[in-house]
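Chemist: CSV, C-alpha atoms, saved as my_file24.csv, coming up:
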```csv
chain,number,residue,atom,x,y,z
A,1,MET,CA,100.5,94.2,140.4
A,2,LYS,CA,97.4,94.2,138.2
A,3,ARG,CA,96.6,91.3,135.9
A,4,GLU,CA,97.3,93.4,132.8
A,5,GLY,CA,100.8,94.0,134.2
A,6,ILE,CA,101.3,90.3,134.6
A,7,ALA,CA,100.2,89.8,131.0
A,8,ILE,CA,102.8,92.3,129.8
A,9,MET,CA,105.5,90.6,131.7
A,10,VAL,CA,104.5,87.2,130.5
A,11,ASN,CA,104.7,88.4,126.9
A,12,GLU,CA,108.1,90.0,127.4
A,13,ILE,CA,110.0,87.6,129.6
A,14,SER,CA,111.8,84.9,127.6
A,15,GLY,CA,113.2,81.7,129.0
A,16,LYS,CA,114.9,81.0,125.7
A,17,ARG,CA,116.8,84.3,125.9
A,18,GLN,CA,117.9,83.5,129.4
A,19,LEU,CA,119.1,80.1,128.3
A,20,ALA,CA,121.1,81.7,125.4
A,21,PHE,CA,122.7,84.0,127.9
A,22,MET,CA,123.6,81.1,130.2
A,23,SER,CA,125.3,79.3,127.3
A,24,LYS,CA,128.1,82.0,127.4
A,25,PHE,CA,129.1,80.8,130.8
A,26,ASP,CA,129.7,77.0,130.4
A,27,TYR,CA,133.0,77.1,132.3
A,28,ILE,CA,134.3,77.2,135.9
A,29,ARG,CA,134.1,80.6,137.5
A,30,GLU,CA,135.9,80.1,140.8
A,31,ALA,CA,136.2,83.4,142.7
A,32,GLY,CA,139.5,85.2,142.1
A,33,THR,CA,140.3,83.4,138.9
A,34,ASP,CA,140.5,84.4,135.3
A,35,GLY,CA,137.2,82.5,134.8
A,36,GLU,CA,135.3,84.7,137.2
A,37,LYS,CA,136.8,87.9,135.6
A,38,ARG,CA,135.8,86.6,132.2
A,39,ALA,CA,132.3,86.1,133.4
A,40,ALA,CA,132.1,89.6,135.0
A,41,ASP,CA,133.1,91.1,131.7
A,42,ALA,CA,130.5,89.1,129.8
A,43,ILE,CA,127.8,90.3,132.2
A,44,LEU,CA,128.9,93.9,131.6
A,45,LYS,CA,128.7,93.3,127.8
A,46,GLU,CA,125.2,91.9,128.1
A,47,LEU,CA,124.0,94.9,130.1
A,48,LYS,CA,125.4,97.2,127.5
A,49,SER,CA,123.6,95.3,124.7
A,50,PHE,CA,120.3,96.7,125.9
A,51,GLY,CA,121.5,100.1,127.0
A,52,VAL,CA,122.2,99.7,130.7
A,53,ASP,CA,125.5,100.8,132.1
A,54,GLY,CA,127.1,98.4,134.5
A,55,ARG,CA,130.0,98.8,136.9
A,56,LEU,CA,132.6,96.6,138.5
A,57,GLU,CA,133.2,96.8,142.3
A,58,GLU,CA,136.4,94.9,143.0
A,59,PHE,CA,137.5,93.5,146.4
A,60,GLU,CA,140.3,91.4,147.7
A,61,ILE,CA,139.7,87.9,148.9
A,62,ASP,CA,141.8,85.3,150.8
A,63,THR,CA,142.7,82.2,148.8
A,64,TRP,CA,144.0,78.8,149.8
A,65,LYS,CA,145.5,75.9,147.9
A,66,ILE,CA,145.6,72.4,149.4
A,67,THR,CA,149.0,71.0,148.8
A,68,LYS,CA,148.6,67.8,150.6
A,69,ALA,CA,145.6,65.9,152.0
A,70,GLU,CA,146.0,62.3,153.2
A,71,PHE,CA,144.0,60.1,155.5
A,72,THR,CA,145.2,56.7,156.7
A,73,VAL,CA,143.5,54.2,159.0
A,74,THR,CA,146.2,52.7,161.2
A,75,GLU,CA,144.2,50.3,163.4
A,76,PRO,CA,143.0,47.6,163.2
A,77,PHE,CA,144.3,47.6,159.7
A,78,GLU,CA,146.3,50.1,157.6
A,79,LYS,CA,145.0,51.7,154.5
A,80,THR,CA,145.3,55.1,152.9
A,81,TYR,CA,142.2,56.7,151.4
A,82,ARG,CA,142.0,59.5,148.9
A,83,VAL,CA,140.6,62.7,150.5
A,84,ALA,CA,140.3,66.4,149.8
A,85,GLY,CA,141.3,69.1,152.2
A,86,TYR,CA,139.4,71.8,154.1
A,87,GLY,CA,140.7,75.3,153.4
A,88,ARG,CA,141.0,78.2,155.9
A,89,CYS,CA,141.8,75.9,158.8
A,90,GLY,CA,145.6,75.8,158.7
A,91,ASN,CA,148.1,72.9,158.6
A,92,THR,CA,148.4,69.8,160.7
A,93,PRO,CA,151.8,69.2,162.4
A,94,GLU,CA,154.6,67.6,160.4
A,95,GLY,CA,153.7,63.9,160.2
A,96,GLY,CA,150.0,64.7,160.6
A,97,VAL,CA,147.6,64.1,163.5
A,98,GLU,CA,147.3,60.5,164.7
A,99,ALA,CA,144.6,59.6,167.2
A,100,PRO,CA,141.7,57.3,167.9
A,101,PHE,CA,138.9,57.5,165.3
A,102,LEU,CA,135.2,58.2,165.9
A,103,TYR,CA,132.2,58.3,163.6
A,104,ALA,CA,129.9,60.9,165.1
A,105,GLU,CA,127.1,60.8,162.4
A,106,ASN,CA,125.4,64.2,162.4
A,107,GLY,CA,127.5,65.6,165.2
A,108,ASP,CA,124.8,65.3,167.8
A,109,SER,CA,125.7,66.0,171.4
A,110,ILE,CA,125.5,62.3,172.4
A,111,SER,CA,128.0,61.3,169.7
A,112,LEU,CA,130.3,64.2,170.4
A,113,SER,CA,130.5,63.4,174.1
A,114,ALA,CA,133.0,60.8,173.1
A,115,ALA,CA,135.0,63.0,170.7
A,116,LYS,CA,137.8,64.2,173.0
A,117,GLY,CA,141.2,63.5,171.6
A,118,LYS,CA,139.9,61.8,168.5
A,119,ILE,CA,139.7,62.3,164.7
A,120,VAL,CA,135.9,62.7,164.3
A,121,MET,CA,134.0,61.9,161.1
A,122,VAL,CA,130.6,63.6,160.6
A,123,ASN,CA,128.1,63.3,157.7
A,124,ASN,CA,127.7,66.8,156.6
A,125,PRO,CA,130.0,69.7,155.6
A,126,VAL,CA,131.4,71.5,158.6
A,127,ASN,CA,130.0,75.0,159.0
A,128,ALA,CA,131.1,77.5,161.7
A,129,ASP,CA,128.6,76.1,164.2
A,130,MET,CA,129.8,72.5,163.7
A,131,TYR,CA,133.4,73.5,163.8
A,132,ARG,CA,132.9,75.2,167.1
A,133,LYS,CA,131.1,72.1,168.4
A,134,LEU,CA,134.0,69.8,167.3
A,135,VAL,CA,136.6,72.1,169.0
A,136,LYS,CA,134.5,72.3,172.2
A,137,ALA,CA,134.1,68.5,172.2
A,138,GLY,CA,137.9,68.2,172.1
A,139,ALA,CA,138.3,66.7,168.6
A,140,VAL,CA,141.8,66.8,167.2
A,141,ALA,CA,140.8,66.7,163.5
A,142,PHE,CA,137.7,66.0,161.4
A,143,LEU,CA,136.4,64.3,158.3
A,144,THR,CA,133.2,65.0,156.4
A,145,ILE,CA,131.5,62.7,153.9
A,146,ALA,CA,130.6,63.6,150.2
A,147,GLY,CA,129.2,61.7,147.3
A,148,THR,CA,126.8,58.7,147.0
A,149,PRO,CA,127.0,54.9,147.2
A,150,ILE,CA,126.7,54.6,143.5
A,151,ASP,CA,129.4,56.9,142.3
A,152,GLU,CA,132.0,55.7,139.9
A,153,GLY,CA,135.1,57.2,138.1
A,154,GLU,CA,135.5,60.9,138.5
A,155,ASP,CA,132.6,61.1,140.9
A,156,ARG,CA,134.6,59.0,143.4
A,157,ILE,CA,137.1,61.9,143.8
A,158,PRO,CA,136.1,64.3,146.6
A,159,ALA,CA,136.5,68.0,146.1
A,160,ASP,CA,138.2,70.5,148.4
A,161,ARG,CA,136.0,72.5,150.8
A,162,ALA,CA,136.6,75.3,153.2
A,163,VAL,CA,135.4,76.3,156.7
A,164,PRO,CA,134.0,79.8,157.1
A,165,LYS,CA,136.5,82.5,158.0
A,166,MET,CA,137.0,82.4,161.8
A,167,ALA,CA,139.4,84.0,164.2
A,168,GLU,CA,140.9,80.7,165.4
A,169,THR,CA,141.1,77.3,163.6
A,170,PRO,CA,142.9,74.9,165.9
A,171,ILE,CA,141.9,71.7,164.1
A,172,GLN,CA,142.1,70.7,160.5
A,173,GLY,CA,139.8,68.6,158.3
A,174,ALA,CA,139.3,66.7,155.1
A,175,VAL,CA,136.6,65.3,152.9
A,176,ILE,CA,136.2,61.6,152.2
A,177,HIS,CA,134.0,59.8,149.7
A,178,HIS,CA,130.8,58.1,150.9
A,179,ILE,CA,132.0,54.7,149.7
A,180,ASP,CA,135.2,54.9,151.6
A,181,ALA,CA,133.5,56.3,154.7
A,182,ALA,CA,131.1,53.3,154.7
A,183,GLU,CA,134.1,50.9,154.4
A,184,ILE,CA,135.8,52.5,157.3
A,185,VAL,CA,132.8,52.4,159.6
A,186,GLU,CA,132.0,48.8,158.5
A,187,ALA,CA,135.6,47.7,159.4
A,188,ASN,CA,135.4,49.3,162.8
A,189,ALA,CA,138.4,51.6,162.2
A,190,SER,CA,139.7,52.6,165.7
A,191,ARG,CA,142.7,54.7,165.0
A,192,ALA,CA,143.8,57.0,162.0
A,193,ARG,CA,146.1,59.7,160.8
A,194,LEU,CA,145.2,62.9,159.0
A,195,THR,CA,147.6,65.2,157.2
A,196,VAL,CA,146.5,68.5,155.6
A,197,LYS,CA,148.8,71.1,154.2
A,198,GLN,CA,147.8,74.3,152.4
A,199,GLU,CA,149.2,77.6,151.1
A,200,THR,CA,147.3,80.9,151.5
A,201,GLY,CA,147.3,84.0,149.4
A,202,LYS,CA,145.2,86.9,148.1
A,203,ALA,CA,143.2,87.4,144.9
A,204,VAL,CA,140.7,89.9,143.4
A,205,SER,CA,137.0,89.1,143.0
A,206,ARG,CA,134.4,91.6,141.8
A,207,ASN,CA,130.7,92.3,141.9
A,208,VAL,CA,128.9,93.5,138.8
A,209,ALA,CA,126.1,96.1,139.5
A,210,ALA,CA,123.6,98.1,137.4
A,211,ARG,CA,121.2,100.6,138.7
A,212,ILE,CA,117.9,101.6,137.2
A,213,GLU,CA,116.8,104.9,138.8
A,214,GLY,CA,113.2,105.1,139.9
A,215,SER,CA,110.9,107.2,137.7
A,216,GLY,CA,108.8,108.8,140.5
A,217,ASN,CA,109.0,110.5,143.9
A,218,LEU,CA,110.0,107.2,145.5
A,219,LYS,CA,113.3,106.9,143.7
A,220,ASP,CA,115.3,107.4,146.9
A,221,GLU,CA,114.0,104.0,148.1
A,222,ILE,CA,116.1,101.1,146.7
A,223,LEU,CA,115.2,97.5,145.9
A,224,THR,CA,117.9,95.0,145.1
A,225,LEU,CA,117.7,92.0,142.8
A,226,THR,CA,120.7,89.8,143.2
A,227,ALA,CA,122.4,86.5,142.3
A,228,HIS,CA,125.9,85.2,142.5
A,229,TYR,CA,127.8,84.3,139.4
A,230,ASP,CA,130.8,82.5,140.7
A,231,SER,CA,131.0,78.7,140.8
A,232,VAL,CA,132.9,76.1,142.8
A,233,PRO,CA,136.0,74.5,141.2
A,234,ALA,CA,134.2,71.2,140.6
A,235,GLY,CA,131.9,72.3,137.9
A,236,PRO,CA,130.5,75.2,135.8
A,237,GLY,CA,127.7,76.0,138.1
A,238,ALA,CA,124.7,76.4,135.8
A,239,TYR,CA,122.0,75.6,138.4
A,240,ASP,CA,124.2,77.1,141.2
A,241,ASN,CA,124.0,79.8,140.1
A,242,MET,CA,124.3,81.1,136.6
A,243,ALA,CA,120.6,80.4,136.2
A,244,GLY,CA,120.0,83.0,139.0
A,245,GLY,CA,122.2,85.4,137.1
A,246,ALA,CA,120.2,84.9,134.0
A,247,ILE,CA,116.9,85.5,135.8
A,248,ILE,CA,118.0,88.8,137.2
A,249,MET,CA,119.5,89.8,133.8
A,250,GLU,CA,116.2,89.2,132.2
A,251,LEU,CA,114.4,91.3,134.8
A,252,CYS,CA,117.0,94.1,134.4
A,253,ARG,CA,116.2,94.1,130.7
A,254,TYR,CA,112.4,94.2,131.5
A,255,PHE,CA,112.7,97.0,134.1
A,256,ALA,CA,115.0,99.1,131.9
A,257,ALA,CA,112.0,99.2,129.5
A,258,HIS,CA,109.4,99.6,132.2
A,259,ARG,CA,111.0,101.8,134.8
A,260,PRO,CA,109.5,101.4,138.3
A,261,LYS,CA,108.9,104.3,140.8
A,262,ARG,CA,111.5,102.9,143.2
A,263,THR,CA,115.1,102.6,142.2
A,264,MET,CA,116.2,99.0,141.4
A,265,GLU,CA,119.8,97.8,141.8
A,266,PHE,CA,120.8,94.6,140.1
A,267,VAL,CA,123.9,92.9,141.5
A,268,TRP,CA,125.8,89.8,140.3
A,269,PHE,CA,127.9,88.8,143.3
A,270,GLY,CA,131.4,87.3,143.1
A,271,ALA,CA,132.9,85.0,145.7
A,272,GLU,CA,129.6,83.8,147.1
A,273,GLU,CA,131.0,80.3,147.3
A,274,LYS,CA,133.8,81.5,149.4
A,275,GLY,CA,131.5,82.7,152.2
A,276,LEU,CA,129.1,85.3,150.7
A,277,LEU,CA,132.1,87.6,150.2
A,278,GLY,CA,130.6,89.6,147.4
A,279,SER,CA,127.4,90.5,149.2
A,280,ARG,CA,129.4,91.3,152.4
A,281,ASN,CA,131.6,93.6,150.4
A,282,TYR,CA,128.6,95.2,148.8
A,283,VAL,CA,126.9,96.2,152.1
A,284,THR,CA,130.2,97.6,153.3
A,285,VAL,CA,130.9,99.7,150.2
A,286,HIS,CA,127.2,100.9,150.2
A,287,GLU,CA,126.9,101.3,153.9
A,288,ASP,CA,125.8,104.9,153.8
A,289,GLU,CA,122.8,104.2,151.6
A,290,LEU,CA,121.6,101.0,153.4
A,291,LYS,CA,119.0,103.1,155.2
A,292,ASN,CA,117.3,103.5,151.8
A,293,HIS,CA,117.3,99.8,151.0
A,294,GLN,CA,113.8,98.4,151.4
A,295,PHE,CA,114.0,94.8,150.3
A,296,ASN,CA,116.5,92.3,148.8
A,297,MET,CA,115.2,89.8,146.2
A,298,ASN,CA,117.9,87.1,145.8
A,299,VAL,CA,118.0,84.0,143.5
A,300,ASP,CA,120.2,81.1,144.3
A,301,LEU,CA,119.6,77.6,142.7
A,302,ALA,CA,117.2,77.8,139.8
A,303,GLY,CA,116.4,76.7,136.3
A,304,GLN,CA,115.9,72.9,136.5
A,305,LEU,CA,112.8,71.5,135.0
A,306,VAL,CA,111.5,69.1,137.7
A,307,GLY,CA,111.3,70.4,141.2
A,308,GLY,CA,109.5,72.8,143.5
A,309,THR,CA,110.1,76.5,144.1
A,310,VAL,CA,110.7,77.8,147.6
A,311,ILE,CA,111.0,81.5,148.6
A,312,GLY,CA,112.8,81.8,151.9
A,313,VAL,CA,112.0,85.1,153.6
A,314,THR,CA,114.1,86.6,156.3
A,315,GLY,CA,111.9,89.3,157.6
A,316,ASP,CA,108.4,89.9,159.1
A,317,VAL,CA,106.0,87.0,158.4
A,318,SER,CA,103.7,89.4,156.6
A,319,ILE,CA,106.1,89.3,153.6
A,320,CYS,CA,105.4,85.6,153.2
A,321,HIS,CA,101.7,86.3,153.1
A,322,MET,CA,102.2,89.1,150.5
A,323,ILE,CA,104.3,86.7,148.3
A,324,ASP,CA,101.8,83.9,148.6
A,325,TYR,CA,99.1,86.3,147.4
A,326,MET,CA,101.1,87.5,144.4
A,327,ALA,CA,102.1,84.0,143.4
A,328,HIS,CA,98.4,83.1,143.3
A,329,GLU,CA,97.7,86.1,141.2
A,330,ALA,CA,100.5,85.0,138.8
A,331,GLY,CA,99.3,81.4,138.9
A,332,ILE,CA,102.8,80.1,139.7
A,333,GLY,CA,103.2,77.4,142.3
A,334,MET,CA,105.6,77.9,145.2
A,335,VAL,CA,105.8,77.9,148.9
A,336,THR,CA,107.3,80.4,151.4
A,337,ARG,CA,109.4,79.7,154.4
A,338,ASN,CA,110.0,82.3,157.1
A,339,SER,CA,113.7,81.6,158.0
A,340,ILE,CA,117.3,82.6,157.4
A,341,TRP,CA,118.7,81.2,154.2
A,342,GLY,CA,122.2,80.1,153.3
A,343,SER,CA,122.7,82.7,150.6
A,344,ASP,CA,123.4,86.4,149.9
A,345,SER,CA,120.0,87.4,151.3
A,346,ASN,CA,121.4,86.7,154.7
A,347,THR,CA,123.9,89.5,154.3
A,348,PHE,CA,121.1,92.0,153.7
A,349,ALA,CA,119.0,90.7,156.6
A,350,TRP,CA,122.0,90.9,158.9
A,351,LYS,CA,122.2,94.6,158.1
A,352,GLY,CA,118.5,95.1,159.0
A,353,ILE,CA,117.1,94.9,155.4
A,354,PRO,CA,114.2,92.4,154.9
A,355,ALA,CA,115.3,89.8,152.3
A,356,MET,CA,114.3,86.7,150.4
A,357,THR,CA,115.9,84.0,148.3
A,358,LEU,CA,114.1,82.2,145.5
A,359,ASN,CA,115.3,78.7,145.3
A,360,ARG,CA,114.3,75.7,143.2
A,361,ASP,CA,115.0,72.0,143.7
A,362,GLY,CA,117.6,70.5,141.5
A,363,PHE,CA,120.4,68.1,141.0
A,364,GLY,CA,124.2,68.3,140.8
A,365,MET,CA,125.0,71.4,143.0
A,366,HIS,CA,128.8,71.7,143.6
A,367,THR,CA,129.6,68.8,141.2
A,368,ARG,CA,130.7,68.4,137.6
A,369,HIS,CA,127.1,67.5,136.7
A,370,ASP,CA,125.9,71.1,137.3
A,371,THR,CA,125.7,71.9,133.6
A,372,ILE,CA,123.5,73.9,131.3
A,373,SER,CA,122.2,70.6,129.9
A,374,LEU,CA,119.9,70.3,132.9
A,375,ILE,CA,118.5,73.8,132.7
A,376,SER,CA,115.0,74.4,131.3
A,377,PRO,CA,113.9,77.6,129.6
A,378,TRP,CA,110.4,76.9,130.9
A,379,SER,CA,111.7,76.9,134.5
A,380,LEU,CA,113.8,80.0,133.9
A,381,GLU,CA,110.8,81.8,132.5
A,382,ARG,CA,108.4,80.9,135.3
A,383,SER,CA,110.9,81.9,138.0
A,384,ALA,CA,111.6,85.2,136.3
A,385,ILE,CA,107.9,86.0,136.0
A,386,LEU,CA,107.4,85.1,139.7
A,387,LEU,CA,110.3,87.3,140.9
A,388,GLY,CA,109.3,90.0,138.4
A,389,THR,CA,105.8,90.1,139.8
A,390,ILE,CA,107.1,90.6,143.3
A,391,ALA,CA,109.6,93.3,142.1
A,392,GLU,CA,107.0,95.1,139.9
A,393,HIS,CA,104.5,95.3,142.8
A,394,LEU,CA,107.1,96.5,145.3
A,395,GLY,CA,108.7,98.9,142.8
A,396,ASN,CA,105.5,100.8,142.3
A,397,ILE,CA,103.3,100.5,145.4
A,398,ALA,CA,102.7,103.8,147.2
A,399,VAL,CA,103.9,102.5,150.6
A,400,MET,CA,106.0,99.4,151.3
A,401,PRO,CA,103.5,96.8,152.6
A,402,PHE,CA,105.6,95.4,155.5
A,403,VAL,CA,107.7,96.6,158.3
A,404,ARG,CA,111.4,97.2,157.7
A,405,THR,CA,112.7,95.2,160.6
A,406,ILE,CA,114.2,91.7,161.2
A,407,PRO,CA,112.7,89.6,163.9
A,408,GLU,CA,115.0,89.2,166.9
A,409,GLN,CA,115.2,85.4,166.6
A,410,PHE,CA,116.5,85.8,163.0
A,411,MET,CA,119.1,88.4,164.1
A,412,ARG,CA,120.4,86.0,166.8
A,413,GLU,CA,120.7,83.2,164.1
A,414,LEU,CA,122.4,85.6,161.7
A,415,ASP,CA,124.9,86.7,164.4
A,416,GLN,CA,125.8,83.1,164.8
A,417,TYR,CA,125.9,82.5,161.1
A,418,PHE,CA,128.3,85.4,160.5
A,419,ASN,CA,130.3,84.5,163.7
A,420,ARG,CA,129.6,87.8,165.4
```
Render the structure in this file as structure tokens.
Modeler:
Amino acid sequence: MKREGIAIMVNEISGKRQLAFMSKFDYIREAGTDGEKRAADAILKELKSFGVDGRLEEFEIDTWKITKAEFTVTEPFEKTYRVAGYGRCGNTPEGGVEAPFLYAENGDSISLSAAKGKIVMVNNPVNADMYRKLVKAGAVAFLTIAGTPIDEGEDRIPADRAVPKMAETPIQGAVIHHIDAAEIVEANASRARLTVKQETGKAVSRNVAARIEGSGNLKDEILTLTAHYDSVPAGPGAYDNMAGGAIIMELCRYFAAHRPKRTMEFVWFGAEEKGLLGSRNYVTVHEDELKNHQFNMNVDLAGQLVGGTVIGVTGDVSICHMIDYMAHEAGIGMVTRNSIWGSDSNTFAWKGIPAMTLNRDGFGMHTRHDTISLISPWSLERSAILLGTIAEHLGNIAVMPFVRTIPEQFMRELDQYFNR
């Protein structure tokens, strides 16, 4: 992208307009709820306001509701602690699971060697890989830790989580607050009982998409700019990730007025927080055209004032070098990392499409503190200009400047990530 092109973009991209757009979404948008549907309709309305036709792509999702979550230390003392449940992993037997208790820290192999037959507490949320490790080690149930040592009031209440969708879920889990976890470890708890009950069902989520057809002979090649718009139940998800939604909305407005040679597809994904379900549905519905997709540019976590920007690239390392160069041209600080990323870009990479996620440091993710009050128009504007610079360059260059392949190591990691 030439410097005059950057100057045009700088003059037209507005952080204040992005913040005004975000102010319409200061509510919880959990996938499959009326809040998410309300947000999808608002995104469509915004697109229409500057002459772009959007569309809804609905899909069915599994839902769960925790009806009971209870954890009690039974030896060497008896005390019941408030916990939240893990969805998607079934129900404990009537009366719960009672067994010896083990704190296994980060779930390392040394700690887990003593896990057989025990309720195991680990520090971090349980993903598919950790779940498999716990099952293989013989754990009969698990706890994970949330919160900080200085939390008070509402912040002392843990929120429900869920394990990724897996074929078999033989053990159940819950979330306990950091302060309670520390008390349990300090008191040398040796035996405990965990009860988790949940109800499952179905709901409808939806992606919102808008396509700007390319203006030249490269219009059959497609670039995607994406962000998820759903939130967790705990808070309104401004940083995670309506800020990302605002950034790609601003770029959709820009490219509608400055059509690129390649086709650009803008997608606001639903149900990301339930396991990247929106992007997984998108690549299924659009499977026949995936061969034309050249690059996915995703945004997840953005908009806070103080922090650093990272672009995680899942593709050939040459993409990192290209982005580094363009960031220098735009004069916007950031770093690149060549790795898989825990966001919707993974879905595209898994299908063989090079992908990236723009991510900015921030506070309050997945909590009630993730509000628009922490979002900066300055930060939104910079991220939009950085992503727009990349998109403008790739949208108009004669030949894509990198190979359309995913390194084998990343594909192995993605297979594990998606439980294939």
Chemist: Can you list, as a PyMOL selection string, every protein, DNA or RNA residue that comes within 6 Å of stretch 217-221 of chain A when you count all atoms listed in the file, leaving out same-chain residues fewer than 3 positions away?
Modeler: chain A and resi 214+261-263+292
Chemist: Where does stretch 270-295 of chain A meet stretch 382-400 of chain A within 12 Å, residue by residue, with the nearest atom pair and distance in Å to one decimal for each, counting only C-alpha atoms, listed by chain and rising number, as a tab-separated table?
Modeler:
```
residue	atom	partner	partner_atom	distance
A:His293	CA	A:Met400	CA	11.3
A:Gln294	CA	A:Met400	CA	7.9
A:Phe295	CA	A:Leu394	CA	8.7
```
Chemist: Skip A:Ile157 itself and residues of its chain fewer than 5 positions away, then list as a count of residues only all residues within 12 Å of it, counting only C-alpha atoms.
Modeler: 20
Chemist: Which residues of stretch 286-314 of chain A sit at most 12 Å from stretch 321-337 of chain A, using only C-alpha atoms? Give each one's shortest atom pair and distance in Å (one decimal place), in chain and ascending residue order, as a Markdown table.
Modeler:
```
| residue | atom | partner | partner_atom | distance |
| --- | --- | --- | --- | --- |
| A:Met297 | CA | A:Ile323 | CA | 11.5 |
| A:Gly307 | CA | A:Met334 | CA | 10.2 |
| A:Gly308 | CA | A:Met334 | CA | 6.6 |
| A:Thr309 | CA | A:Met334 | CA | 4.8 |
| A:Val310 | CA | A:Val335 | CA | 5.1 |
| A:Ile311 | CA | A:Thr336 | CA | 4.8 |
| A:Gly312 | CA | A:Arg337 | CA | 4.7 |
| A:Val313 | CA | A:Arg337 | CA | 6.0 |
| A:Thr314 | CA | A:Arg337 | CA | 8.6 |
```
Chemist: For atom CA of A:Ala243 and atom CA of A:His228, quote the distance in Å rounded to one decimal.
Modeler: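 The value is 9.5 Å.
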Chemist: Using Å and a single decimal, report how far atom CA of A:Gly244 sits from atom CA of A:Asn207.
Modeler: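 Separation between atom CA of A:Asn207 and atom CA of A:Gly244: 14.5 Å.
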Chemist: If you count all atoms listed in the file, which residues fall within 12 Å of A:Leu414, apart from same-chain ones fewer than 3 positions away, as a list in words?
Modeler: Ala128, Asp129, Thr314, Gly315, Ser339, Ile340, Trp341, Gly342, Ser343, Asp344, Ser345, Asn346, Thr347, Phe348, Ala349, Trp350, Lys351, Gly352, Ile406, Pro407, Glu408, Gln409, Phe410, Met411, Tyr417, Phe418, Asn419 and Arg420 of chain A
Chemist: Residues of the last selection are to be written out with C-alpha atoms, as a PDB file, in the frame of the given file.
Modeler:
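As written to disk, out.pdb reads:
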```pdb
ATOM      1  CA  ALA A 128     131.100  77.500 161.700  1.00  0.00           C
ATOM      2  CA  ASP A 129     128.600  76.100 164.200  1.00  0.00           C
ATOM      3  CA  THR A 314     114.100  86.600 156.300  1.00  0.00           C
ATOM      4  CA  GLY A 315     111.900  89.300 157.600  1.00  0.00           C
ATOM      5  CA  SER A 339     113.700  81.600 158.000  1.00  0.00           C
ATOM      6  CA  ILE A 340     117.300  82.600 157.400  1.00  0.00           C
ATOM      7  CA  TRP A 341     118.700  81.200 154.200  1.00  0.00           C
ATOM      8  CA  GLY A 342     122.200  80.100 153.300  1.00  0.00           C
ATOM      9  CA  SER A 343     122.700  82.700 150.600  1.00  0.00           C
ATOM     10  CA  ASP A 344     123.400  86.400 149.900  1.00  0.00           C
ATOM     11  CA  SER A 345     120.000  87.400 151.300  1.00  0.00           C
ATOM     12  CA  ASN A 346     121.400  86.700 154.700  1.00  0.00           C
ATOM     13  CA  THR A 347     123.900  89.500 154.300  1.00  0.00           C
ATOM     14  CA  PHE A 348     121.100  92.000 153.700  1.00  0.00           C
ATOM     15  CA  ALA A 349     119.000  90.700 156.600  1.00  0.00           C
ATOM     16  CA  TRP A 350     122.000  90.900 158.900  1.00  0.00           C
ATOM     17  CA  LYS A 351     122.200  94.600 158.100  1.00  0.00           C
ATOM     18  CA  GLY A 352     118.500  95.100 159.000  1.00  0.00           C
ATOM     19  CA  ILE A 406     114.200  91.700 161.200  1.00  0.00           C
ATOM     20  CA  PRO A 407     112.700  89.600 163.900  1.00  0.00           C
ATOM     21  CA  GLU A 408     115.000  89.200 166.900  1.00  0.00           C
ATOM     22  CA  GLN A 409     115.200  85.400 166.600  1.00  0.00           C
ATOM     23  CA  PHE A 410     116.500  85.800 163.000  1.00  0.00           C
ATOM     24  CA  MET A 411     119.100  88.400 164.100  1.00  0.00           C
ATOM     25  CA  TYR A 417     125.900  82.500 161.100  1.00  0.00           C
ATOM     26  CA  PHE A 418     128.300  85.400 160.500  1.00  0.00           C
ATOM     27  CA  ASN A 419     130.300  84.500 163.700  1.00  0.00           C
ATOM     28  CA  ARG A 420     129.600  87.800 165.400  1.00  0.00           C
TER      29      ARG A 420
END
```
Chemist: Interatomic distance between atom CA of A:Gln198 and atom CA of A:Asn91?
Modeler: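 Between these atoms lies a distance of 6.4 Å.
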Chemist: Taking only C-alpha atoms into account, name the residue in A:Gly15, A:Gly107, A:Pro93, A:Gly275 that is nearest to A:Arg161.
Modeler: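 Result for the nearest residue to A:Arg161: A:Gly275.
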Chemist: Counting all atoms listed in the file, figure out which residue out of A:Arg156, A:Met264, A:Val204, A:Met249 gets nearest to A:Glu60.
Modeler: A:Val204
Chemist: Can you list, as a PyMOL selection string, every protein, DNA or RNA residue that comes within 8 Å of A:Gly235 when you count only C-alpha atoms, leaving out same-chain residues fewer than 5 positions away?
Modeler: chain A and resi 27-28+366-371
Chemist: Of the residues A:Asp230, A:Glu289, A:Glu98, A:Glu381, which is the one nearest to A:Ala192, using only C-alpha atoms?
Modeler: A:Glu98
Chemist: Show me, as a short mmCIF file (atom, residue, chain, number, x, y, z; two decimals) with C-alpha atoms, in the frame of the given file, the residues that have an atom within 9 Å of A:Ser14 when counting only C-alpha atoms, minus same-chain residues fewer than 5 positions from it.
Modeler:
```
data_model
loop_
_atom_site.label_atom_id
_atom_site.label_comp_id
_atom_site.auth_asym_id
_atom_site.auth_seq_id
_atom_site.Cartn_x
_atom_site.Cartn_y
_atom_site.Cartn_z
CA LEU A 19 119.10 80.10 128.30
CA GLU A 250 116.20 89.20 132.20
CA PRO A 377 113.90 77.60 129.60
CA TRP A 378 110.40 76.90 130.90
CA LEU A 380 113.80 80.00 133.90
CA GLU A 381 110.80 81.80 132.50
CA ALA A 384 111.60 85.20 136.30
#
```
Chemist: Kindly indicate which residue among A:Pro125, A:Gly153, A:Pro236, A:Pro164 lies nearest to A:Arg88, using all atoms listed in the file for the distances.
Modeler: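 Closest to A:Arg88 of all the choices is A:Pro164.
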Chemist: With only C-alpha atoms as the basis for distance, which of A:Glu287, A:Glu70, A:Glu199, A:Glu58 is at the shortest distance from A:Gly173?
Modeler: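 Once distances to A:Gly173 are computed over only C-alpha atoms, the minimum belongs to A:Glu70.
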